[in-house]
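Enquirer: Supplied structure: run-v8.csv, CSV, C-alpha atoms.
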chain,number,residue,atom,x,y,z
N,1,MET,CA,0.0,0.0,0.0
N,2,THR,CA,2.8,2.4,0.9
N,3,GLY,CA,4.1,2.5,-2.7
N,4,ALA,CA,0.8,4.0,-3.9
N,5,LEU,CA,1.0,6.9,-1.4
N,6,THR,CA,3.1,9.1,-3.5
N,7,GLY,CA,3.0,12.6,-5.2
N,8,GLU,CA,0.9,15.2,-3.4
N,9,LEU,CA,-1.4,12.6,-1.7
N,10,LEU,CA,0.9,12.3,1.4
N,11,PRO,CA,3.7,14.3,2.9
N,12,ALA,CA,6.9,12.4,3.4
N,13,VAL,CA,6.3,10.2,6.5
N,14,PRO,CA,8.8,10.5,9.4
N,15,PRO,CA,11.9,8.3,9.1
N,16,SER,CA,12.3,5.3,11.3
N,17,PRO,CA,13.9,5.9,14.7
N,18,ASP,CA,17.3,4.7,13.5
N,19,PRO,CA,17.9,5.7,9.8
N,20,ALA,CA,21.0,3.6,9.8
N,21,THR,CA,19.0,0.4,10.3
N,22,THR,CA,17.5,-1.6,7.5
N,23,THR,CA,15.5,-4.0,9.7
N,24,THR,CA,12.0,-5.1,9.0
N,25,ALA,CA,10.9,-3.0,12.0
N,26,GLY,CA,11.9,0.2,10.3
N,27,GLY,CA,9.9,-0.6,7.2
N,28,GLU,CA,7.0,-1.7,9.4
N,29,LEU,CA,6.9,1.7,11.0
N,30,GLN,CA,6.9,3.5,7.6
N,31,ARG,CA,4.0,1.3,6.4
N,32,LEU,CA,1.9,1.9,9.5
N,33,LEU,CA,2.5,5.7,9.4
N,34,ALA,CA,1.5,5.8,5.8
N,35,GLU,CA,-1.7,3.8,6.3
N,36,TRP,CA,-2.7,5.9,9.3
N,37,LEU,CA,-2.1,9.2,7.5
N,38,ILE,CA,-4.1,8.2,4.4
N,39,GLY,CA,-7.2,8.1,6.6
N,40,TYR,CA,-7.2,11.9,6.8
N,41,ARG,CA,-8.7,13.8,3.8
N,42,ALA,CA,-7.0,17.1,4.1
N,43,ALA,CA,-3.4,17.3,2.9
N,44,ASN,CA,-2.8,20.0,5.6
N,45,THR,CA,-3.9,17.6,8.3
N,46,ARG,CA,-1.7,14.8,7.0
N,47,ALA,CA,1.3,17.2,6.9
N,48,ALA,CA,0.7,18.5,10.4
N,49,TYR,CA,0.3,15.0,11.9
N,50,ALA,CA,3.4,13.8,10.1
N,51,GLY,CA,5.4,16.7,11.5
N,52,ASP,CA,4.2,16.0,15.0
N,53,LEU,CA,5.0,12.3,14.8
N,54,GLN,CA,8.5,13.3,13.5
N,55,HIS,CA,9.1,15.2,16.7
N,56,TRP,CA,8.1,12.2,18.8
N,57,LEU,CA,10.2,9.8,16.8
N,58,THR,CA,13.2,12.0,16.9
N,59,PHE,CA,13.0,12.1,20.7
N,60,LEU,CA,12.6,8.3,20.9
N,61,ALA,CA,15.5,7.8,18.5
N,62,ASP,CA,17.8,10.0,20.7
N,63,ALA,CA,16.8,7.9,23.7
N,64,GLY,CA,17.3,4.6,21.8
N,65,VAL,CA,13.6,3.6,22.3
N,66,ASP,CA,11.7,1.7,19.6
N,67,PRO,CA,8.3,3.5,19.1
N,68,LEU,CA,6.4,0.3,18.3
N,69,THR,CA,7.6,-2.1,21.0
N,70,GLU,CA,9.2,-0.1,23.8
N,71,ALA,CA,7.5,3.3,24.1
N,72,ARG,CA,5.8,3.8,27.4
N,73,ARG,CA,4.0,6.6,29.3
N,74,LEU,CA,7.3,7.3,31.0
N,75,HIS,CA,8.7,8.3,27.7
N,76,THR,CA,5.7,10.5,26.9
N,77,HIS,CA,6.1,12.4,30.1
N,78,ALA,CA,9.8,12.8,29.5
N,79,TRP,CA,9.1,14.1,26.0
N,80,LEU,CA,6.6,16.7,27.3
N,81,ARG,CA,9.1,17.9,29.9
N,82,ALA,CA,11.8,18.2,27.3
N,83,GLN,CA,9.5,20.3,25.1
N,84,GLU,CA,8.6,22.5,28.1
N,85,ALA,CA,12.2,23.0,28.9
N,86,ALA,CA,12.9,24.0,25.3
N,87,GLY,CA,10.2,26.6,25.4
N,88,ALA,CA,7.5,25.0,23.4
N,89,ALA,CA,4.1,26.6,23.8
N,90,THR,CA,1.4,24.8,25.8
N,91,ALA,CA,-0.8,24.6,22.6
N,92,THR,CA,2.1,23.1,20.7
N,93,ARG,CA,2.7,20.4,23.3
N,94,ALA,CA,-1.0,19.6,23.5
N,95,ARG,CA,-1.3,19.3,19.7
N,96,ARG,CA,1.8,17.1,19.4
N,97,LEU,CA,0.5,14.8,22.2
N,98,ALA,CA,-2.9,14.5,20.5
N,99,ALA,CA,-1.3,13.5,17.2
N,100,VAL,CA,0.9,10.8,18.8
N,101,SER,CA,-2.0,9.5,20.8
N,102,ALA,CA,-4.2,9.3,17.7
N,103,PHE,CA,-1.6,7.2,15.9
N,104,TYR,CA,-1.3,4.7,18.7
N,105,ALA,CA,-5.1,4.6,19.2
N,106,TRP,CA,-5.5,3.9,15.5
N,107,MET,CA,-3.1,0.9,15.7
N,108,ILE,CA,-5.0,-0.5,18.7
N,109,ALA,CA,-8.4,0.0,17.0
N,110,GLU,CA,-7.0,-1.8,13.8
N,111,GLU,CA,-5.7,-4.6,16.0
N,112,LEU,CA,-2.2,-3.8,14.9
N,113,SER,CA,-0.9,-3.5,18.4
N,114,ASP,CA,-1.9,-5.1,21.7
N,115,ARG,CA,0.2,-2.6,23.8
N,116,ALA,CA,-1.2,0.2,25.8
N,117,ASN,CA,-1.3,3.7,24.2
N,118,PRO,CA,1.9,5.4,25.6
N,119,ALA,CA,0.4,8.8,24.9
N,120,ALA,CA,-2.9,8.1,26.7
N,121,ILE,CA,-1.8,9.8,29.9
N,122,ASP,CA,-3.8,11.1,32.9
N,123,PRO,CA,-5.8,14.2,31.7
N,124,LYS,CA,-4.6,16.1,34.8
N,125,ARG,CA,-1.0,15.7,33.6
N,126,LYS,CA,-1.6,16.8,30.0
N,127,PRO,CA,-0.6,20.3,28.7
N,128,ARG,CA,-3.7,22.4,29.5
N,129,VAL,CA,-4.5,25.2,27.1
N,130,ASN,CA,-6.4,28.1,28.6
N,131,PRO,CA,-9.8,28.2,26.9
N,132,HIS,CA,-10.2,31.9,27.6
N,133,ARG,CA,-6.8,33.4,26.7
N,134,THR,CA,-4.2,33.0,24.0
N,135,THR,CA,-0.5,33.9,24.4
N,136,THR,CA,-0.2,35.0,20.8
N,137,SER,CA,0.5,38.7,20.4
N,138,GLY,CA,-1.9,40.4,17.9
N,139,LEU,CA,-1.3,43.6,16.0
N,140,SER,CA,-3.0,46.9,16.7
N,141,ARG,CA,-5.0,48.5,13.9
N,142,GLU,CA,-2.1,50.9,13.2
N,143,GLN,CA,0.4,48.0,13.1
N,144,ALA,CA,-1.8,45.9,10.8
N,145,MET,CA,-2.1,48.9,8.4
N,146,ALA,CA,1.7,49.4,8.6
N,147,LEU,CA,2.4,45.8,7.8
N,148,GLN,CA,0.1,45.9,4.7
N,149,ALA,CA,1.7,49.1,3.6
N,150,ALA,CA,5.2,47.5,3.9
N,151,ALA,CA,4.0,44.6,1.8
N,152,ASP,CA,2.5,46.9,-0.8
N,153,ALA,CA,5.8,48.8,-1.0
N,154,ASP,CA,7.9,45.7,-1.4
N,155,THR,CA,10.1,45.5,-4.5
N,156,GLY,CA,11.4,42.7,-6.7
N,157,PRO,CA,9.8,40.2,-9.0
N,158,GLN,CA,7.5,38.8,-6.3
N,159,ALA,CA,6.3,42.2,-5.0
N,160,ALA,CA,2.7,41.5,-6.1
N,161,ARG,CA,2.8,38.1,-4.4
N,162,THR,CA,4.0,39.7,-1.1
N,163,ALA,CA,1.0,42.1,-1.1
N,164,ALA,CA,-1.4,39.3,-1.8
N,165,ILE,CA,-0.1,37.0,0.9
N,166,VAL,CA,-0.3,39.6,3.6
N,167,ALA,CA,-3.8,40.7,2.6
N,168,LEU,CA,-5.0,37.0,2.5
N,169,LEU,CA,-3.7,36.3,5.9
N,170,LEU,CA,-4.8,39.5,7.5
N,171,TYR,CA,-8.3,39.9,6.1
N,172,THR,CA,-9.4,36.2,6.1
N,173,GLY,CA,-7.4,34.8,9.0
N,174,ILE,CA,-6.7,31.6,7.1
N,175,ARG,CA,-3.9,29.3,8.4
N,176,VAL,CA,-0.6,29.4,6.7
N,177,SER,CA,-1.1,25.7,5.7
N,178,GLU,CA,-4.4,26.6,4.1
N,179,LEU,CA,-2.7,29.4,2.2
N,180,VAL,CA,0.2,27.4,0.8
N,181,GLY,CA,-2.0,24.4,0.2
N,182,ALA,CA,-4.6,26.3,-1.8
N,183,ASP,CA,-4.9,26.0,-5.6
N,184,VAL,CA,-6.1,28.6,-8.1
N,185,ASP,CA,-9.1,26.5,-9.0
N,186,GLN,CA,-10.4,26.8,-5.4
N,187,LEU,CA,-11.1,30.5,-6.1
N,188,GLY,CA,-14.8,31.1,-7.0
N,189,GLN,CA,-18.0,32.9,-6.6
N,190,ASP,CA,-20.8,32.3,-4.1
N,191,ARG,CA,-24.0,34.6,-4.2
N,192,GLY,CA,-22.0,37.3,-5.8
N,193,HIS,CA,-19.1,37.1,-3.3
N,194,ARG,CA,-15.5,36.2,-4.3
N,195,VAL,CA,-14.5,33.2,-2.1
N,196,LEU,CA,-11.7,30.7,-1.6
N,197,ARG,CA,-12.8,27.1,-0.9
N,198,PHE,CA,-10.5,24.5,0.8
N,199,VAL,CA,-10.5,21.6,3.2
N,200,ALA,CA,-9.8,23.1,6.7
N,201,LYS,CA,-8.4,21.6,9.8
N,202,GLY,CA,-10.5,18.7,10.9
N,203,ASP,CA,-11.2,17.6,7.3
N,204,ASP,CA,-14.1,20.0,7.0
N,205,PRO,CA,-15.0,21.8,3.7
N,206,HIS,CA,-14.7,25.5,4.3
N,207,LEU,CA,-14.8,28.8,2.4
N,208,VAL,CA,-13.8,32.3,3.2
N,209,VAL,CA,-15.0,35.5,1.6
N,210,LEU,CA,-12.3,37.6,-0.1
N,211,PRO,CA,-13.1,41.3,0.4
N,212,PRO,CA,-12.0,44.0,-2.2
N,213,PRO,CA,-8.6,44.7,-0.5
N,214,VAL,CA,-7.8,41.1,-1.0
N,215,THR,CA,-9.2,40.5,-4.5
N,216,ARG,CA,-7.5,43.6,-5.8
N,217,ARG,CA,-4.1,42.5,-4.7
N,218,LEU,CA,-4.7,38.8,-5.5
N,219,ASP,CA,-5.9,39.6,-9.0
N,220,ALA,CA,-2.9,41.7,-9.6
N,221,TYR,CA,-0.6,38.9,-8.6
N,222,LEU,CA,-2.3,36.2,-10.6
N,223,ALA,CA,-2.5,38.4,-13.7
N,224,GLY,CA,1.3,38.6,-13.7
N,225,ARG,CA,1.8,34.8,-13.4
N,226,ALA,CA,3.2,33.4,-16.6
N,227,ASP,CA,2.0,29.9,-15.7
N,228,LEU,CA,-1.6,31.1,-15.7
N,229,ALA,CA,-1.4,32.9,-19.1
N,230,GLY,CA,-4.2,31.9,-21.5
N,231,ASP,CA,-1.8,30.1,-23.9
N,232,ARG,CA,-0.3,27.9,-21.1
N,233,LEU,CA,-1.9,24.5,-20.4
N,234,PRO,CA,-1.7,23.4,-16.8
N,235,VAL,CA,0.3,20.2,-16.2
N,236,PRO,CA,-1.5,17.4,-14.2
N,237,VAL,CA,0.3,16.3,-11.0
N,238,GLY,CA,0.5,12.6,-10.2
N,239,GLY,CA,0.3,11.1,-13.7
N,240,ALA,CA,-2.3,10.6,-16.4
N,241,GLY,CA,-5.8,11.3,-15.2
N,242,ALA,CA,-4.8,13.2,-12.1
N,243,ARG,CA,-6.4,16.5,-11.1
N,244,VAL,CA,-4.7,19.6,-12.3
N,245,ARG,CA,-3.0,21.4,-9.4
N,246,ARG,CA,-2.1,25.1,-9.9
N,247,PRO,CA,-0.9,26.5,-6.6
N,248,LEU,CA,-2.3,29.8,-5.5
N,249,VAL,CA,1.1,31.1,-4.4
N,250,VAL,CA,4.3,29.9,-6.0
N,251,THR,CA,8.0,30.4,-5.9
N,252,ASP,CA,10.2,32.0,-8.6
N,253,SER,CA,10.5,28.6,-10.2
N,254,GLY,CA,6.8,27.9,-10.2
N,255,ARG,CA,6.7,25.4,-7.3
N,256,ARG,CA,4.3,25.6,-4.4
N,257,LEU,CA,5.4,28.1,-1.8
N,258,ASP,CA,6.2,26.5,1.6
N,259,ARG,CA,5.3,27.7,5.1
N,260,GLY,CA,8.9,28.6,6.0
N,261,ALA,CA,9.0,31.1,3.1
N,262,VAL,CA,5.8,32.8,4.4
N,263,TRP,CA,7.3,33.0,8.0
N,264,ARG,CA,10.5,34.6,6.7
N,265,LEU,CA,8.5,37.0,4.5
N,266,LEU,CA,6.4,38.2,7.4
N,267,ARG,CA,9.3,38.7,9.7
N,268,ARG,CA,11.2,40.7,7.1
N,269,LEU,CA,8.1,42.9,6.6
N,270,ALA,CA,7.6,43.4,10.3
N,271,LYS,CA,11.2,44.6,10.6
N,272,THR,CA,10.7,47.0,7.7
N,273,ALA,CA,7.5,48.3,9.3
N,274,GLU,CA,9.2,48.5,12.8
N,275,ILE,CA,6.6,46.4,14.4
N,276,PRO,CA,8.0,45.0,17.8
N,277,VAL,CA,6.2,41.7,17.6
N,278,VAL,CA,7.7,38.2,16.9
N,279,MET,CA,5.8,37.9,13.6
N,280,SER,CA,4.3,34.7,12.4
N,281,PRO,CA,1.3,33.7,10.2
N,282,HIS,CA,-0.7,33.0,13.4
N,283,VAL,CA,-0.2,36.6,14.6
N,284,LEU,CA,-2.2,37.7,11.5
N,285,ARG,CA,-4.9,35.1,12.2
N,286,HIS,CA,-5.1,36.4,15.8
N,287,THR,CA,-5.1,40.0,14.4
N,288,CYS,CA,-7.9,39.2,12.0
N,289,ALA,CA,-10.1,38.0,14.8
N,290,THR,CA,-9.4,40.7,17.3
N,291,LEU,CA,-9.7,43.6,14.9
N,292,ALA,CA,-12.8,42.2,13.3
N,293,ARG,CA,-14.3,42.0,16.8
N,294,ASP,CA,-13.2,45.5,17.7
N,295,ALA,CA,-14.8,46.7,14.4
N,296,GLY,CA,-18.1,45.2,15.5
N,297,ALA,CA,-18.2,41.8,13.9
N,298,ARG,CA,-20.3,39.2,15.7
N,299,LEU,CA,-18.4,36.5,17.6
N,300,GLU,CA,-20.3,33.7,15.8
N,301,ASP,CA,-19.4,35.2,12.4
N,302,ILE,CA,-15.8,35.3,13.3
N,303,GLN,CA,-16.0,31.7,14.5
N,304,ASP,CA,-17.4,30.7,11.1
N,305,GLN,CA,-14.7,32.6,9.2
N,306,LEU,CA,-11.9,31.1,11.2
N,307,GLY,CA,-13.4,27.6,11.0
N,308,HIS,CA,-13.5,27.0,14.8
N,309,ALA,CA,-15.7,24.1,15.8
N,310,ASP,CA,-15.9,25.4,19.4
N,311,ALA,CA,-16.9,29.0,20.2
N,312,ARG,CA,-14.6,28.9,23.2
N,313,THR,CA,-11.6,28.8,20.8
N,314,THR,CA,-12.8,32.0,19.1
N,315,ARG,CA,-13.4,33.7,22.5
N,316,ARG,CA,-9.8,33.3,23.3
N,317,TYR,CA,-9.1,36.0,20.7
N,318,ASP,CA,-11.8,38.4,22.1
N,319,HIS,CA,-9.7,40.2,24.6
N,320,GLY,CA,-8.9,43.5,22.9
N,321,GLY,CA,-9.7,46.9,24.2
N,322,ALA,CA,-13.2,46.9,22.6
N,323,ARG,CA,-14.1,43.9,24.9
N,324,LEU,CA,-13.5,46.1,27.9
N,325,ASP,CA,-15.6,48.8,26.2
N,326,ARG,CA,-18.5,46.2,26.0
N,327,ALA,CA,-18.1,45.1,29.6
N,328,PRO,CA,-21.5,44.2,31.1
N,329,ALA,CA,-20.5,46.4,34.1
N,330,TYR,CA,-20.9,49.5,32.0
N,331,THR,CA,-24.3,48.3,30.7
N,332,LEU,CA,-25.6,47.6,34.2
N,333,ALA,CA,-24.2,50.9,35.5
N,334,GLY,CA,-26.1,52.8,32.7
N,335,TYR,CA,-29.3,50.9,33.5
N,336,LEU,CA,-29.1,51.4,37.3
N,337,THR,CA,-28.2,55.1,37.0
N,338,ALA,CA,-30.6,56.0,34.2
N,339,GLY,CA,-33.2,58.6,34.9
Would it be possible to restate this file's structure as structure tokens?

Expert:
Amino acid sequence: MTGALTGELLPAVPPSPDPATTTTAGGELQRLLAEWLIGYRAANTRAAYAGDLQHWLTFLADAGVDPLTEARRLHTHAWLRAQEAAGAATATRARRLAAVSAFYAWMIAEELSDRANPAAIDPKRKPRVNPHRTTTSGLSREQAMALQAAADADTGPQAARTAAIVALLLYTGIRVSELVGADVDQLGQDRGHRVLRFVAKGDDPHLVVLPPPVTRRLDAYLAGRADLAGDRLPVPVGGAGARVRRPLVVTDSGRRLDRGAVWRLLRRLAKTAEIPVVMSPHVLRHTCATLARDAGARLEDIQDQLGHADARTTRRYDHGGARLDRAPAYTLAGYLTAG
């Protein structure tokens, strides 16, 4: 089965704990990881889980522990402590733990393992994410405008792409994985609105509206793409009969842009705009939510746009100055002192 999981269907699965070994155990791990990942529809989800498993397998490899026959809860706790000592955020540790637990739970459900799930630890000892607050720093309205201005003023052959990327992240709040994983044919119309459709985190179909500040910059970027010219036929990916894939944002060579390039771009622009924030794509997702809320958008509408299954996740972003302005204490004070 593993041989069929090629092309853009799956990301590269993590290597076996000891790359120097050529034992059957190493090949078995590769096969199991590939079979587990293929169960997830979204390429972004598969890539994220593969990355999280890579972190776990690297830790076990350094400790000389076989992930299939020797991993125990003791190793999971040591792994979490090591991440904490390295400064990994609580949300990052919780996400990695969930991915590792899902892999072992799948093996048990498929009767591929009769060992206990080493990542199924006591809930009280798991990394706990505050459901009401986020540690991510957002941008003020002025900083957001300064970042977009810096992107618009960028120079070089990819200047139009720079402006489009910042606008997409800032105005829609999409994840960086959703941005770099998107294709041109996912752009469309819905009831007169320009939209971008994609499979979001959790394998759910999702769409976001693209307002004029985004479409203006995105159209300018796409209009300058030689690979999208009318006389160019798109090349199918994955062999004959495969669906045509034309990435929404590409490198100079025409390949799909990766997340690292977006991170580096944003940090360069933040430095240019003199914004004293450790910039990342998630900062813009956070900023999209908080500024939209400050501007008067309803919390449930922001939840829909960001694709949050749980409203509590969205509320973590609702702690800007405008939330204090809306404090029920003021409403009650006005009511009690009226007249």

Enquirer: Hey, which bits of range 25-120 of chain N sit within 10 Å of range 183-203 of chain N, and for each residue what's the closest pair of atoms and how far apart in Å (one decimal), counting only C-alpha atoms, rows by chain and increasing number, as a Markdown table?

Expert:
| residue | atom | partner | partner_atom | distance |
| --- | --- | --- | --- | --- |
| N:Tyr40 | CA | N:Asp203 | CA | 7.0 |
| N:Arg41 | CA | N:Asp203 | CA | 5.7 |
| N:Ala42 | CA | N:Asp203 | CA | 5.3 |
| N:Ala43 | CA | N:Val199 | CA | 8.3 |
| N:Asn44 | CA | N:Lys201 | CA | 7.2 |
| N:Thr45 | CA | N:Lys201 | CA | 6.2 |
| N:Arg46 | CA | N:Asp203 | CA | 9.9 |
| N:Ala48 | CA | N:Lys201 | CA | 9.6 |

Enquirer: Please save C-alpha atoms of the selected residues as an mmCIF file, in the frame of the given file.

Expert:
data_model
loop_
_atom_site.group_PDB
_atom_site.id
_atom_site.type_symbol
_atom_site.label_atom_id
_atom_site.label_comp_id
_atom_site.auth_asym_id
_atom_site.auth_seq_id
_atom_site.Cartn_x
_atom_site.Cartn_y
_atom_site.Cartn_z
ATOM 1 C CA TYR N 40 -7.200 11.900 6.800
ATOM 2 C CA ARG N 41 -8.700 13.800 3.800
ATOM 3 C CA ALA N 42 -7.000 17.100 4.100
ATOM 4 C CA ALA N 43 -3.400 17.300 2.900
ATOM 5 C CA ASN N 44 -2.800 20.000 5.600
ATOM 6 C CA THR N 45 -3.900 17.600 8.300
ATOM 7 C CA ARG N 46 -1.700 14.800 7.000
ATOM 8 C CA ALA N 48 0.700 18.500 10.400
#

Enquirer: With only C-alpha atoms as the basis for distance, which of N:Arg128, N:Arg225, N:Arg73, N:His286 is at the shortest distance from Ala89 in chain N?

Expert: N:Arg128

Enquirer: What's around Pro127 in chain N at 12 Å? Count only C-alpha atoms, leave out sequence neighbours fewer than 5 positions away in its own chain, and write the answer as a list in words.

Expert: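 Result of the neighbour search: Thr76, His77, Trp79, Leu80, Arg81, Gln83, Glu84, Ala88, Ala89, Thr90, Ala91, Thr92, Arg93, Ala94, Arg95, Arg96, Leu97, Ala98, Ile121 and Asp122 of chain N.
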
Enquirer: Skipping near chain neighbours, those fewer than 3 positions away, what residues fall within 10 Å of Ile275 in chain N using all atoms listed in the file, listed as JSON, numbers by chain?

Expert: {"N": [139, 140, 142, 143, 144, 146, 147, 267, 269, 270, 271, 272, 278, 279]}

Enquirer: Identify which of the residues N:Ala78, N:Leu284, N:Leu257, N:Ala159 lies closest to Ala119 in chain N, counting all atoms listed in the file when measuring atom-to-atom distances.

Expert: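 Between N:Ala78, N:Leu284, N:Leu257, N:Ala159, the residue approaching Ala119 in chain N most closely is N:Ala78.
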
Enquirer: Rounded to one decimal place, report the CA of Ala333 in chain N-CA of Arg293 in chain N distance in Å.

Expert: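 These atoms are spaced 23.0 Å apart.
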
Enquirer: Skipping near chain neighbours, those fewer than 5 positions away, what residues fall within 10 Å of Arg216 in chain N using all atoms listed in the file, listed as a PyMOL selection string?

Expert: chain N and resi 163-164+167+210-211+221

Enquirer: Please indicate the distance in Å from CA of Arg217 in chain N to CA of Arg245 in chain N, rounded to one decimal place.

Expert: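 According to the coordinates, CA of Arg217 in chain N and CA of Arg245 in chain N are separated by 21.6 Å.
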
Enquirer: Expressed in Å to a single decimal, how great is the separation between CA of Leu53 in chain N and CA of Ala34 in chain N?

Expert: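 Calculated distance between CA of Leu53 in chain N and CA of Ala34 in chain N is 11.6 Å.
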
Enquirer: Tell me, as a list in words, which residues lie within 9 Å of range 104-115 of chain N, counting only C-alpha atoms; anything in the same chain fewer than 3 positions away does not count.

Expert: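 Using only C-alpha atoms, the neighbours found are Leu32, Trp36, Leu68, Thr69, Ala99, Val100, Ser101, Pro118, Ala119 and Ala120 of chain N.
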
Enquirer: May I have the selected residues written with C-alpha atoms, as a PDB file, in the coordinates of the input?

Expert:
ATOM      1  CA  LEU N  32       1.900   1.900   9.500  1.00  0.00           C
ATOM      2  CA  TRP N  36      -2.700   5.900   9.300  1.00  0.00           C
ATOM      3  CA  LEU N  68       6.400   0.300  18.300  1.00  0.00           C
ATOM      4  CA  THR N  69       7.600  -2.100  21.000  1.00  0.00           C
ATOM      5  CA  ALA N  99      -1.300  13.500  17.200  1.00  0.00           C
ATOM      6  CA  VAL N 100       0.900  10.800  18.800  1.00  0.00           C
ATOM      7  CA  SER N 101      -2.000   9.500  20.800  1.00  0.00           C
ATOM      8  CA  PRO N 118       1.900   5.400  25.600  1.00  0.00           C
ATOM      9  CA  ALA N 119       0.400   8.800  24.900  1.00  0.00           C
ATOM     10  CA  ALA N 120      -2.900   8.100  26.700  1.00  0.00           C
TER      11      ALA N 120
END

Enquirer: Measuring between all atoms listed in the file, which one of N:Val214, N:Ala151, N:Ala85, N:Leu266 shows the shortest distance to Val176 in chain N?

Expert: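 Once distances to Val176 in chain N are computed over all atoms listed in the file, the minimum belongs to N:Leu266.
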
Enquirer: Could you check which of N:His75, N:Lys124, N:Arg255, N:Arg285 is closest to Leu169 in chain N, using only C-alpha atoms?

Expert: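 Among N:His75, N:Lys124, N:Arg255, N:Arg285, it is N:Arg285 that comes nearest to Leu169 in chain N.
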
Enquirer: Using all atoms listed in the file, which protein or nucleic acid residues come within 8 Å of Ile302 in chain N? Drop anything in the same chain fewer than 2 positions from it, and give the result as a PyMOL selection string.

Expert: chain N and resi 289+292-293+297-300+304-306+314

Enquirer: Looking at only C-alpha atoms, which of N:Ala273, N:Leu29, N:Leu336, N:Val283 is the one that sits closest to Ala149 in chain N?

Expert: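 Distance minimum relative to Ala149 in chain N lands on N:Ala273.
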
Enquirer: Reconstruct N, CA, C and O atoms of range 61-73 of chain N from the incomplete input and present them as a compact mmCIF listing (two decimals), keeping the file's coordinate frame.

Expert:
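Here's the written file rebuild_23.txt:
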# COMPACT_ATOMS: atom_id res chain seq x y z
N ALA N 61 14.29 8.26 19.13
CA ALA N 61 15.50 7.80 18.50
C ALA N 61 16.73 8.27 19.34
O ALA N 61 17.68 7.50 19.55
N ASP N 62 16.69 9.50 19.83
CA ASP N 62 17.80 10.00 20.70
C ASP N 62 17.91 9.20 21.97
O ASP N 62 19.00 9.08 22.54
N ALA N 63 16.76 8.68 22.44
CA ALA N 63 16.80 7.90 23.70
C ALA N 63 17.00 6.42 23.43
O ALA N 63 17.09 5.63 24.39
N GLY N 64 17.07 6.02 22.17
CA GLY N 64 17.30 4.60 21.80
C GLY N 64 16.07 3.75 22.13
O GLY N 64 16.20 2.57 22.49
N VAL N 65 14.87 4.31 21.95
CA VAL N 65 13.60 3.60 22.30
C VAL N 65 12.87 3.29 20.98
O VAL N 65 12.65 4.19 20.15
N ASP N 66 12.46 2.05 20.79
CA ASP N 66 11.70 1.70 19.60
C ASP N 66 10.23 2.13 19.82
O ASP N 66 9.60 1.80 20.83
N PRO N 67 9.67 2.90 18.88
CA PRO N 67 8.30 3.50 19.10
C PRO N 67 7.21 2.43 19.02
O PRO N 67 6.12 2.68 19.55
N LEU N 68 7.47 1.27 18.44
CA LEU N 68 6.40 0.30 18.30
C LEU N 68 6.42 -0.76 19.44
O LEU N 68 5.36 -1.29 19.79
N THR N 69 7.56 -1.02 20.01
CA THR N 69 7.60 -2.10 21.00
C THR N 69 8.11 -1.68 22.38
O THR N 69 7.98 -2.45 23.33
N GLU N 70 8.65 -0.47 22.50
CA GLU N 70 9.20 -0.10 23.80
C GLU N 70 8.69 1.23 24.36
O GLU N 70 8.90 1.51 25.55
N ALA N 71 7.98 2.02 23.57
CA ALA N 71 7.50 3.30 24.10
C ALA N 71 6.47 3.12 25.17
O ALA N 71 5.55 2.31 25.06
N ARG N 72 6.65 3.90 26.27
CA ARG N 72 5.80 3.80 27.40
C ARG N 72 5.34 5.24 27.83
O ARG N 72 5.88 6.22 27.33
N ARG N 73 4.41 5.30 28.77
CA ARG N 73 4.00 6.60 29.30
C ARG N 73 5.12 7.38 29.88
O ARG N 73 5.15 8.61 29.84
